[in-house]
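For reference, entry32.txt is printed below; it contains compact mmCIF, C-alpha atoms.
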```
# COMPACT_ATOMS: atom_id res chain seq x y z
CA MET P 1 -132.78 14.53 -82.97
CA ASN P 2 -134.74 16.67 -85.42
CA PHE P 3 -133.63 20.30 -85.22
CA ASP P 4 -136.09 21.54 -87.85
CA PHE P 5 -139.29 23.40 -87.09
CA THR P 6 -142.64 21.61 -87.39
CA GLU P 7 -144.95 22.46 -90.28
CA GLU P 8 -147.13 24.45 -87.87
CA GLN P 9 -144.11 26.44 -86.67
CA LYS P 10 -143.00 27.12 -90.24
CA LEU P 11 -146.49 28.37 -91.10
CA PHE P 12 -146.52 30.58 -88.01
CA ALA P 13 -143.08 31.99 -88.88
CA GLU P 14 -144.31 32.85 -92.37
CA GLN P 15 -147.38 34.58 -90.98
CA VAL P 16 -145.31 36.69 -88.58
CA ARG P 17 -142.78 37.47 -91.32
CA ARG P 18 -145.58 38.67 -93.58
CA PHE P 19 -147.04 40.80 -90.77
CA ALA P 20 -143.64 42.36 -90.07
CA HIS P 21 -142.98 43.28 -93.70
CA GLU P 22 -146.45 44.70 -94.09
CA HIS P 23 -146.66 46.70 -90.87
CA LEU P 24 -143.15 47.21 -89.45
CA ALA P 25 -140.72 47.69 -92.32
CA ASP P 26 -141.60 51.34 -92.78
CA GLY P 27 -140.38 53.36 -89.83
CA ALA P 28 -137.97 50.70 -88.50
CA LEU P 29 -135.05 53.16 -88.29
CA LYS P 30 -137.14 55.85 -86.60
CA ARG P 31 -138.42 53.38 -83.99
CA ALA P 32 -134.88 52.28 -83.18
CA HIS P 33 -133.96 55.82 -82.16
CA ASP P 34 -137.12 56.47 -80.12
CA SER P 35 -136.52 55.64 -76.47
CA ARG P 36 -140.18 55.48 -75.47
CA PHE P 37 -142.26 52.32 -75.46
CA PRO P 38 -144.07 51.95 -78.84
CA PHE P 39 -147.64 51.53 -77.60
CA GLU P 40 -149.09 51.76 -81.11
CA ILE P 41 -146.98 48.76 -82.18
CA ALA P 42 -147.96 46.85 -79.04
CA GLN P 43 -151.65 47.41 -79.74
CA LEU P 44 -151.19 46.39 -83.37
CA MET P 45 -149.39 43.21 -82.31
CA ALA P 46 -152.15 42.45 -79.81
CA LYS P 47 -154.71 42.56 -82.62
CA HIS P 48 -152.59 40.07 -84.58
CA GLY P 49 -152.15 37.63 -81.68
CA LEU P 50 -148.50 38.36 -80.90
CA MET P 51 -148.99 39.30 -77.24
CA GLY P 52 -149.28 36.53 -74.69
CA ILE P 53 -148.42 33.86 -77.24
CA ALA P 54 -147.41 31.29 -74.63
CA LEU P 55 -149.86 32.37 -71.93
CA GLN P 56 -152.96 30.34 -71.18
CA GLN P 57 -156.11 31.24 -73.06
CA SER P 58 -157.92 31.48 -69.73
CA ASP P 59 -155.61 34.41 -68.92
CA GLY P 60 -156.24 36.09 -72.26
CA GLY P 61 -153.21 34.58 -73.98
CA GLN P 62 -152.93 32.61 -77.19
CA GLY P 63 -152.25 29.20 -75.63
CA GLY P 64 -149.14 28.66 -77.77
CA THR P 65 -145.63 27.60 -76.83
CA VAL P 66 -142.47 29.34 -75.67
CA MET P 67 -140.91 28.22 -78.96
CA ASP P 68 -143.67 30.06 -80.82
CA ALA P 69 -142.77 33.23 -78.93
CA VAL P 70 -139.09 32.78 -79.82
CA ILE P 71 -140.06 32.39 -83.47
CA ALA P 72 -142.10 35.60 -83.29
CA ILE P 73 -139.14 37.54 -81.90
CA GLU P 74 -136.88 36.23 -84.66
CA GLN P 75 -139.26 37.09 -87.48
CA VAL P 76 -140.13 40.55 -86.16
CA ALA P 77 -136.48 41.44 -85.45
CA ALA P 78 -135.47 40.43 -88.97
CA VAL P 79 -137.53 43.38 -90.22
CA CYS P 80 -137.67 45.82 -87.29
CA PRO P 81 -135.21 45.12 -84.45
CA ARG P 82 -136.81 47.63 -82.09
CA SER P 83 -140.27 46.04 -82.40
CA ALA P 84 -138.83 42.77 -81.07
CA ASP P 85 -138.86 44.51 -77.67
CA VAL P 86 -142.65 44.51 -77.79
CA VAL P 87 -142.79 40.78 -78.50
CA GLN P 88 -140.36 40.23 -75.63
CA PHE P 89 -142.46 42.30 -73.24
CA GLY P 90 -145.71 40.62 -74.23
CA ASN P 91 -144.32 37.12 -73.81
CA PHE P 92 -141.15 36.96 -71.71
CA GLY P 93 -141.00 40.06 -69.52
CA PRO P 94 -142.40 40.43 -66.01
CA ILE P 95 -145.81 39.83 -67.55
CA ARG P 96 -144.86 36.14 -67.64
CA THR P 97 -144.16 35.96 -63.89
CA PHE P 98 -147.31 37.99 -63.25
CA ALA P 99 -149.47 35.62 -65.30
CA GLU P 100 -147.86 32.61 -63.62
CA TYR P 101 -148.33 33.69 -60.00
CA GLY P 102 -150.88 36.51 -59.98
CA THR P 103 -154.22 36.07 -58.24
CA ALA P 104 -157.46 36.05 -60.21
CA ALA P 105 -158.25 39.54 -58.90
CA GLN P 106 -154.82 40.87 -59.88
CA LYS P 107 -155.08 39.45 -63.38
CA ALA P 108 -158.60 40.80 -63.82
CA ARG P 109 -157.35 44.25 -62.86
CA TRP P 110 -154.16 44.53 -64.90
CA LEU P 111 -153.47 41.63 -67.29
CA GLY P 112 -156.03 42.61 -69.93
CA GLY P 113 -154.51 46.06 -70.45
CA LEU P 114 -151.02 44.61 -70.63
CA LEU P 115 -151.93 41.99 -73.23
CA ALA P 116 -153.84 44.58 -75.26
CA GLY P 117 -150.74 46.78 -75.45
CA ARG P 118 -152.43 49.68 -73.67
CA THR P 119 -150.14 49.53 -70.63
CA VAL P 120 -146.64 48.27 -69.92
CA MET P 121 -145.13 46.74 -66.77
CA SER P 122 -141.65 47.44 -65.38
CA LEU P 123 -139.59 45.09 -63.22
CA GLY P 124 -137.90 46.58 -60.16
CA MET P 125 -135.14 44.18 -59.16
CA THR P 126 -131.76 45.95 -59.15
CA GLU P 127 -130.84 48.37 -56.36
CA PRO P 128 -127.87 50.71 -55.90
CA ASP P 129 -126.15 48.04 -53.76
CA ALA P 130 -127.78 44.88 -55.15
CA GLY P 131 -127.13 43.95 -58.76
CA SER P 132 -125.85 40.48 -59.57
CA ALA P 133 -126.09 39.78 -55.83
CA VAL P 134 -129.84 40.31 -56.00
CA THR P 135 -130.42 38.61 -52.64
CA ASP P 136 -128.68 41.61 -51.04
CA LEU P 137 -131.72 43.74 -51.86
CA LYS P 138 -132.90 46.07 -49.08
CA THR P 139 -136.25 47.40 -50.32
CA SER P 140 -138.55 46.42 -47.48
CA ALA P 141 -142.22 45.51 -47.20
CA ARG P 142 -143.57 45.88 -43.67
CA PRO P 143 -147.10 44.70 -42.81
CA ASP P 144 -149.36 47.38 -41.38
CA GLY P 145 -152.91 46.18 -40.85
CA SER P 146 -154.50 45.53 -44.25
CA HIS P 147 -151.57 47.21 -46.03
CA TYR P 148 -147.83 46.90 -46.57
CA VAL P 149 -145.44 49.82 -46.24
CA ILE P 150 -142.65 49.87 -48.83
CA ASN P 151 -139.31 51.63 -48.39
CA GLY P 152 -136.30 51.47 -50.68
CA THR P 153 -134.88 52.31 -54.10
CA LYS P 154 -134.70 50.53 -57.46
CA VAL P 155 -132.57 51.39 -60.51
CA PHE P 156 -132.10 50.29 -64.14
CA SER P 157 -135.75 49.23 -64.56
CA THR P 158 -136.69 48.65 -68.21
CA PHE P 159 -139.76 50.59 -69.45
CA SER P 160 -139.94 52.54 -66.17
CA PRO P 161 -140.51 55.93 -67.91
CA ASP P 162 -143.73 54.58 -69.46
CA ALA P 163 -144.93 51.86 -67.09
CA GLN P 164 -148.21 52.11 -65.19
CA ILE P 165 -147.61 49.03 -63.05
CA PHE P 166 -144.37 47.90 -61.42
CA LEU P 167 -143.43 44.41 -60.23
CA ILE P 168 -141.08 45.13 -57.32
CA TYR P 169 -138.82 42.64 -55.55
CA VAL P 170 -139.03 43.30 -51.79
CA ARG P 171 -137.75 41.96 -48.51
CA TYR P 172 -140.34 40.92 -45.92
CA GLY P 173 -137.74 39.59 -43.53
CA PRO P 174 -134.14 38.34 -43.27
CA GLY P 175 -132.55 35.72 -45.48
CA LEU P 176 -133.50 34.19 -48.79
CA ASP P 177 -136.92 33.15 -47.51
CA GLY P 178 -137.69 36.75 -46.65
CA ILE P 179 -137.78 37.84 -50.31
CA GLY P 180 -140.93 38.16 -52.42
CA SER P 181 -142.61 40.72 -54.66
CA VAL P 182 -145.42 43.24 -54.81
CA LEU P 183 -147.31 45.18 -57.48
CA ILE P 184 -147.27 48.98 -57.24
CA GLU P 185 -149.10 51.40 -59.51
CA ARG P 186 -147.66 54.65 -60.81
CA GLY P 187 -149.08 57.52 -58.78
CA THR P 188 -149.28 55.61 -55.50
CA PRO P 189 -148.51 58.03 -52.63
CA GLY P 190 -144.94 57.56 -51.45
CA PHE P 191 -143.79 56.24 -54.84
CA ALA P 192 -141.52 58.71 -56.69
CA ILE P 193 -140.25 58.16 -60.23
CA GLY P 194 -137.10 60.08 -61.10
CA MET P 195 -136.09 61.79 -64.33
CA PRO P 196 -135.18 59.47 -67.21
CA SER P 197 -131.54 58.46 -67.65
CA SER P 198 -130.15 56.88 -70.82
CA PHE P 199 -128.23 53.68 -71.45
CA MET P 200 -125.69 53.43 -74.28
CA SER P 201 -128.38 51.59 -76.24
CA GLY P 202 -130.63 54.66 -76.18
CA GLU P 203 -133.11 53.04 -73.80
CA GLU P 204 -134.21 55.07 -70.81
CA TRP P 205 -134.80 54.16 -67.18
CA CYS P 206 -135.87 56.03 -64.05
CA GLU P 207 -134.90 55.65 -60.42
CA LEU P 208 -137.82 54.30 -58.39
CA ALA P 209 -137.98 55.54 -54.80
CA PHE P 210 -140.39 54.26 -52.15
CA THR P 211 -140.82 56.29 -48.99
CA ASP P 212 -143.47 54.88 -46.63
CA CYS P 213 -145.39 53.83 -49.73
CA ARG P 214 -148.59 52.11 -48.60
CA ILE P 215 -150.10 49.42 -50.80
CA PRO P 216 -153.06 47.13 -50.05
CA ALA P 217 -152.22 43.57 -49.04
CA GLU P 218 -153.98 42.29 -52.16
CA ASN P 219 -151.10 43.81 -54.18
CA VAL P 220 -148.70 41.17 -52.88
CA LEU P 221 -147.69 38.94 -55.78
CA LEU P 222 -145.42 36.55 -53.88
CA GLY P 223 -145.06 36.64 -50.13
CA PRO P 224 -142.17 35.43 -47.96
CA GLY P 225 -140.55 32.37 -49.48
CA GLY P 226 -141.48 33.41 -53.00
CA PHE P 227 -137.96 34.15 -54.23
CA LYS P 228 -137.33 30.71 -55.74
CA LYS P 229 -140.62 30.91 -57.66
CA GLN P 230 -139.64 34.33 -58.95
CA MET P 231 -136.27 33.11 -60.16
CA ALA P 232 -137.86 30.07 -61.82
CA GLY P 233 -140.09 32.46 -63.72
CA PHE P 234 -137.11 34.72 -64.40
CA ASN P 235 -135.40 31.85 -66.24
CA VAL P 236 -138.21 32.03 -68.79
CA GLU P 237 -137.92 35.83 -68.90
CA ARG P 238 -134.23 35.42 -69.78
CA LEU P 239 -135.18 33.59 -72.96
CA GLY P 240 -136.61 36.84 -74.31
CA ASN P 241 -133.24 38.54 -73.82
CA THR P 242 -131.58 35.48 -75.35
CA ALA P 243 -133.83 35.41 -78.42
CA ARG P 244 -133.40 39.12 -79.10
CA SER P 245 -129.60 38.86 -78.83
CA LEU P 246 -129.57 36.12 -81.43
CA ALA P 247 -132.14 37.84 -83.64
CA LEU P 248 -130.33 41.17 -83.72
CA GLY P 249 -127.07 39.38 -84.44
CA ARG P 250 -128.78 37.72 -87.39
CA TYR P 251 -130.15 41.06 -88.56
CA ALA P 252 -126.64 42.55 -88.53
CA PHE P 253 -125.24 39.45 -90.25
CA SER P 254 -127.79 39.73 -93.08
CA ALA P 255 -127.15 43.44 -93.53
CA ALA P 256 -123.39 42.91 -93.69
CA ARG P 257 -123.79 39.96 -96.08
CA ASP P 258 -125.89 42.04 -98.48
CA TYR P 259 -123.38 44.88 -98.23
CA ALA P 260 -120.39 42.62 -98.88
CA ALA P 261 -122.11 41.06 -101.88
CA THR P 262 -122.68 44.42 -103.61
CA ARG P 263 -120.03 46.86 -102.30
CA GLU P 264 -116.98 46.93 -104.56
CA GLN P 265 -113.43 47.94 -103.66
CA PHE P 266 -110.28 47.45 -105.73
CA GLY P 267 -112.48 46.41 -108.63
CA ARG P 268 -114.36 43.51 -107.03
CA PRO P 269 -117.07 42.82 -104.43
CA LEU P 270 -115.98 42.66 -100.80
CA CYS P 271 -117.22 39.07 -100.53
CA GLU P 272 -114.41 37.94 -102.83
CA PHE P 273 -111.75 38.85 -100.26
CA GLN P 274 -110.78 35.79 -98.22
CA GLY P 275 -110.32 37.81 -95.04
CA LEU P 276 -114.01 38.75 -95.12
CA GLN P 277 -115.10 35.27 -96.17
CA TRP P 278 -113.58 33.87 -92.99
CA LYS P 279 -115.32 36.54 -90.93
CA PHE P 280 -118.68 35.49 -92.34
CA ALA P 281 -117.89 31.81 -91.77
CA ASP P 282 -117.06 32.51 -88.11
CA MET P 283 -120.19 34.61 -87.73
CA ALA P 284 -122.38 31.86 -89.18
CA ILE P 285 -120.85 29.27 -86.84
CA LYS P 286 -121.53 31.44 -83.80
CA LEU P 287 -125.13 32.19 -84.75
CA ASP P 288 -126.08 28.64 -85.69
CA SER P 289 -124.54 27.02 -82.62
CA ALA P 290 -126.04 29.60 -80.25
CA GLY P 291 -129.41 29.19 -81.92
CA LEU P 292 -129.51 25.47 -81.21
CA LEU P 293 -128.89 26.12 -77.51
CA LEU P 294 -131.73 28.64 -77.48
CA TYR P 295 -134.10 26.22 -79.19
CA ARG P 296 -133.25 23.48 -76.70
CA ALA P 297 -134.02 25.74 -73.75
CA ALA P 298 -137.23 27.01 -75.34
CA THR P 299 -138.42 23.53 -76.28
CA ASN P 300 -137.79 22.19 -72.79
CA ALA P 301 -139.52 25.25 -71.31
CA ASP P 302 -142.68 24.01 -73.02
CA ARG P 303 -142.42 20.88 -70.89
CA GLY P 304 -142.28 23.01 -67.74
CA LEU P 305 -139.92 25.72 -66.53
CA PRO P 306 -136.50 25.42 -68.20
CA SER P 307 -133.51 24.39 -66.14
CA ALA P 308 -131.19 27.12 -64.86
CA TYR P 309 -128.33 25.44 -66.74
CA GLU P 310 -130.06 25.34 -70.12
CA THR P 311 -131.16 28.94 -69.76
CA ALA P 312 -127.72 30.12 -68.61
CA ILE P 313 -125.78 28.39 -71.39
CA ALA P 314 -128.25 29.56 -74.05
CA LYS P 315 -128.18 33.16 -72.85
CA ALA P 316 -124.39 33.27 -72.56
CA ALA P 317 -123.96 31.82 -76.04
CA CYS P 318 -126.56 34.05 -77.70
CA ASN P 319 -125.42 37.18 -75.86
CA GLN P 320 -121.85 36.66 -77.00
CA ALA P 321 -122.75 35.56 -80.53
CA GLY P 322 -125.18 38.45 -81.03
CA PHE P 323 -122.74 41.12 -79.91
CA GLU P 324 -119.67 39.67 -81.62
CA VAL P 325 -121.51 39.25 -84.92
CA ALA P 326 -123.02 42.74 -84.76
CA SER P 327 -119.60 44.20 -83.97
CA GLU P 328 -118.04 42.37 -86.92
CA ALA P 329 -120.89 43.57 -89.15
CA VAL P 330 -120.10 47.17 -88.22
CA GLN P 331 -116.44 46.56 -89.06
CA ILE P 332 -117.26 44.94 -92.40
CA MET P 333 -119.57 47.78 -93.43
CA GLY P 334 -117.14 50.46 -92.26
CA ALA P 335 -118.58 53.96 -92.01
CA ALA P 336 -121.91 52.74 -93.42
CA GLY P 337 -122.24 50.30 -90.54
CA PHE P 338 -121.07 52.83 -87.97
CA SER P 339 -123.60 55.38 -89.16
CA ARG P 340 -126.86 55.90 -87.28
CA GLU P 341 -128.56 55.84 -90.67
CA ALA P 342 -128.21 52.05 -90.59
CA LEU P 343 -129.48 49.66 -87.94
CA VAL P 344 -126.29 47.63 -87.63
CA GLU P 345 -124.74 49.98 -85.06
CA TYR P 346 -128.04 49.91 -83.16
CA CYS P 347 -127.88 46.11 -83.05
CA MET P 348 -124.33 46.29 -81.71
CA ARG P 349 -125.32 48.67 -78.91
CA ARG P 350 -128.41 46.71 -77.94
CA THR P 351 -126.70 43.31 -77.88
CA ARG P 352 -123.92 44.76 -75.74
CA GLY P 353 -126.44 45.73 -73.09
CA TRP P 354 -127.98 42.25 -72.97
CA MET P 355 -124.62 40.84 -71.91
CA ILE P 356 -125.29 42.70 -68.64
CA ALA P 357 -129.07 42.73 -68.28
CA GLY P 358 -130.94 39.67 -67.05
CA GLY P 359 -127.81 38.05 -65.63
CA SER P 360 -124.31 39.09 -66.70
CA ILE P 361 -122.12 36.78 -68.77
CA GLU P 362 -119.87 36.23 -65.75
CA ILE P 363 -122.73 35.24 -63.44
CA LEU P 364 -124.09 32.90 -66.11
CA LYS P 365 -120.71 31.22 -66.40
CA ASN P 366 -120.71 30.71 -62.63
CA ARG P 367 -124.06 28.91 -62.96
CA ILE P 368 -122.72 26.80 -65.84
CA ALA P 369 -119.65 25.84 -63.81
CA GLU P 370 -121.88 24.75 -60.94
CA HIS P 371 -123.63 22.38 -63.32
CA VAL P 372 -120.29 21.09 -64.61
CA PHE P 373 -119.01 20.31 -61.10
CA ASP P 374 -122.42 19.46 -59.63
CA ARG P 375 -121.87 21.71 -56.66
CA ARG P 376 -122.72 25.20 -55.47
CA PHE P 377 -120.00 27.86 -55.52
CA ASP P 378 -120.73 30.63 -53.06
CA GLN P 379 -119.43 33.92 -54.49
CA ARG P 380 -119.66 35.76 -51.19
CA LYS P 381 -116.62 36.65 -49.14
CA ARG P 382 -115.84 33.84 -46.77
CA ARG P 383 -116.21 34.59 -43.11
CA PRO P 384 -113.21 33.76 -40.90
CA ALA P 385 -113.59 30.57 -38.90
CA ALA P 386 -114.53 31.08 -35.28
CA ALA P 387 -111.60 30.90 -32.88
CA GLU P 388 -111.48 27.70 -30.85
```
Encoded form (structure tokens):
Amino acid sequence: MNFDFTEEQKLFAEQVRRFAHEHLADGALKRAHDSRFPFEIAQLMAKHGLMGIALQQSDGGQGGTVMDAVIAIEQVAAVCPRSADVVQFGNFGPIRTFAEYGTAAQKARWLGGLLAGRTVMSLGMTEPDAGSAVTDLKTSARPDGSHYVINGTKVFSTFSPDAQIFLIYVRYGPGLDGIGSVLIERGTPGFAIGMPSSFMSGEEWCELAFTDCRIPAENVLLGPGGFKKQMAGFNVERLGNTARSLALGRYAFSAARDYAATREQFGRPLCEFQGLQWKFADMAIKLDSAGLLLYRAATNADRGLPSAYETAIAKAACNQAGFEVASEAVQIMGAAGFSREALVEYCMRRTRGWMIAGGSIEILKNRIAEHVFDRRFDQRKRRPAAAE
């Protein structure tokens, strides 16, 4: 197998790298410590064709590949880690599921603003009592004439302080087949957005509360039975998390390498100490091996939706590699790496969060084990057998 990029991909990577150095290098540190969505960067990226890279041209996208979008994240993150969030949103976030399953009327209403970077969409999946066990969600959608009435609560929704449109997982009825999703605009009566709360990464989120919130039936994205379609689309969304984990790990690795090559202690550069040499060797092994798993998943996604196994193993590997490498980079750079005046500590905090978001490491390993044994392992508490 050939694990190298094609000539077209190499040219694209160079173009994105040049764009990033020209437009994103200045202000990279300031952006990292700003919790709000960088709309000005999103609009700039839209003008340079970095939003909707893998979406169909008929939907306003670029008609490229998932691998192209991964390349864009890597090149942008190498210069400005925070701006990689914009590439992720414009290519892998809920916008991807929306473009895949939205009606023509829904796309005409909202997709153009999203791809232009004027608006941002937030995904409402997690609830106070439904995290990894997402099928335990309780937010309900009850039909009422030409409308649906929504009741429930969502938490930990990325971009929720700034979003204008929310893709909300809802329950139409009992069981797995009762789950689907709707689109709800900010300002809809009965939809309350709480005060922002902060993650360790510095990102902010708001509680989303729906109390007899009425939405028109045309705002239904996926009706009953749509859960499996949503999760298939979510596998592609996970690749954005995966790519950023790897990219920020690489950023931290490069920063620590440059530091070790120039910082002197005891009369010689840090890179001449064998203890640090072995650290860098281990870091390189982790990044390169995780990267190949990501590229496999992304390449196969271009042949259709990626398999749950390939996505799970790529995300687990890149999540762990990104965080472990960033953590080692902080240790190597000492106080300089721990300082908020460098982006290495930012990379460590962000990669730590991605080990939870989009499917925790533990849940991913459950999915991988199911592939290994070719059977389903139900994580729910077993019910006692009925008495004879």
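Distance-wise, atom CA of Arg238 of chain P and atom CA of Asp288 of chain P end up 19.1 Å apart.
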Note to self: I'd like the interatomic distance between atom CA of Ala317 of chain P and atom CA of Leu248 of chain P, to a tenth of an Å.
What the structure shows: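 A separation of 13.7 Å between them.
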Checklist line | Cut-off 9 Å around (-136.2, 28.1, -79.9) with all atoms listed in the file: residues as a ChimeraX atom specification | finding: /P:66-71,239,243,291-299
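If you count all atoms listed in the file and ignore residues fewer than 5 places along the chain from segment 255-259 of chain P, what sits within 7 Å of it is Ala329, Ile332 and Met333 of chain P.
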Report the centre and edge lengths, in Å to one decimal, of an axis-aligned box enclosing every atom of segment 338-347 of chain P listed in the file, padded by 4 Å on each side, as AutoDock Vina command-line options.
```
--center_x -125.3 --center_y 51.0 --center_z -86.9 --size_x 16.4 --size_y 17.8 --size_z 15.6
```
Next item on the list: Name all residues at most 9 Å from Pro161 of chain P (count only C-alpha atoms; drop same-chain ones fewer than 6 positions away) and give them as a VMD selection string.
Entry: chain P and resid 36 to 37 122 193 to 196 204 to 206
Next item on the list: Grab the atom CA of Ile184 of chain P to atom CA of Gln62 of chain P distance for me, in Å with one decimal place.
Entry: 26.4 Å
Margin query: I'd like to know which of P:Pro94, P:Gly63, P:Pro143, P:Gly117 is closest to Leu167 of chain P, using only C-alpha atoms.
Written below: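 Smallest separation from Leu167 of chain P among the options: P:Pro94.
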Checklist line | 8 Å contact set for Gly358 of chain P, all atoms listed in the file, chain neighbours under 2 positions out, as a VMD selection string | finding: chain P and resid 238 241 354 356 360
Could you give me, as CSV, a per-residue list for segment 131-234 of chain P showing, wherever an atom lies at most 12 Å from an atom of segment 335-349 of chain P, the closest pair of atoms and their distance in Å to one decimal, using all atoms listed in the file and sorting by chain then residue number from low to high?
```
residue,atom,partner,partner_atom,distance
P:Phe199,CA,P:Arg349,CA,9.4
P:Met200,CA,P:Arg349,CA,6.7
P:Ser201,CA,P:Arg349,CA,5.0
P:Gly202,CA,P:Arg349,CA,8.5
P:Glu203,CA,P:Arg349,CA,10.3
```
Could you dump the residues just selected with C-alpha atoms as a PDB file, in the coordinates of the input?
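As a result, again-v2.pdb now contains:
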```pdb
ATOM      1  CA  PHE P 199    -128.230  53.680 -71.450  1.00  0.00           C
ATOM      2  CA  MET P 200    -125.690  53.430 -74.280  1.00  0.00           C
ATOM      3  CA  SER P 201    -128.380  51.590 -76.240  1.00  0.00           C
ATOM      4  CA  GLY P 202    -130.630  54.660 -76.180  1.00  0.00           C
ATOM      5  CA  GLU P 203    -133.110  53.040 -73.800  1.00  0.00           C
TER       6      GLU P 203
END
```
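Residues in contact with Leu246 of chain P at 7 Å, where all atoms listed in the file are counted and same-chain residues fewer than 3 positions away are skipped, are listed as Thr242, Ala243, Gly249, Arg250, Leu287, Gly291, Cys318, Ala321 and Gly322 of chain P.
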Notebook entry, point to check: Within 9 Å of segment 44-51 of chain P, counting all atoms listed in the file, which residues qualify if same-chain residues fewer than 5 places away don't, as a PyMOL selection string?
Noted result: chain P and resi 16+19+23+39+61-62+69+72+86-91+114-117
Check: Which of these residues is nearest to Trp110 of chain P, using all atoms listed in the file: P:Gln230, P:Gln164, P:Thr65, P:Thr211?
Finding: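 Among the listed residues, P:Gln164 lies closest to Trp110 of chain P.
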Notebook entry, point to check: Which one of P:Arg118, P:Arg244, P:Arg376, P:Lys279 sits closest to Ala260 of chain P if you count all atoms listed in the file?
Noted result: P:Lys279
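Ranking P:Phe98, P:Phe156, P:Phe373, P:Phe234 by their shortest atom-to-atom distance to Leu222 of chain P, with all atoms listed in the file included, puts P:Phe98 first.
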Next item on the list: Would you please work out which residue, of P:Gln320, P:Gln277, P:Thr311, P:Gln265, is nearest to Ser289 of chain P when using all atoms listed in the file?
Entry: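 Of P:Gln320, P:Gln277, P:Thr311, P:Gln265, the one nearest Ser289 of chain P, counting all atoms listed in the file, is P:Gln320.
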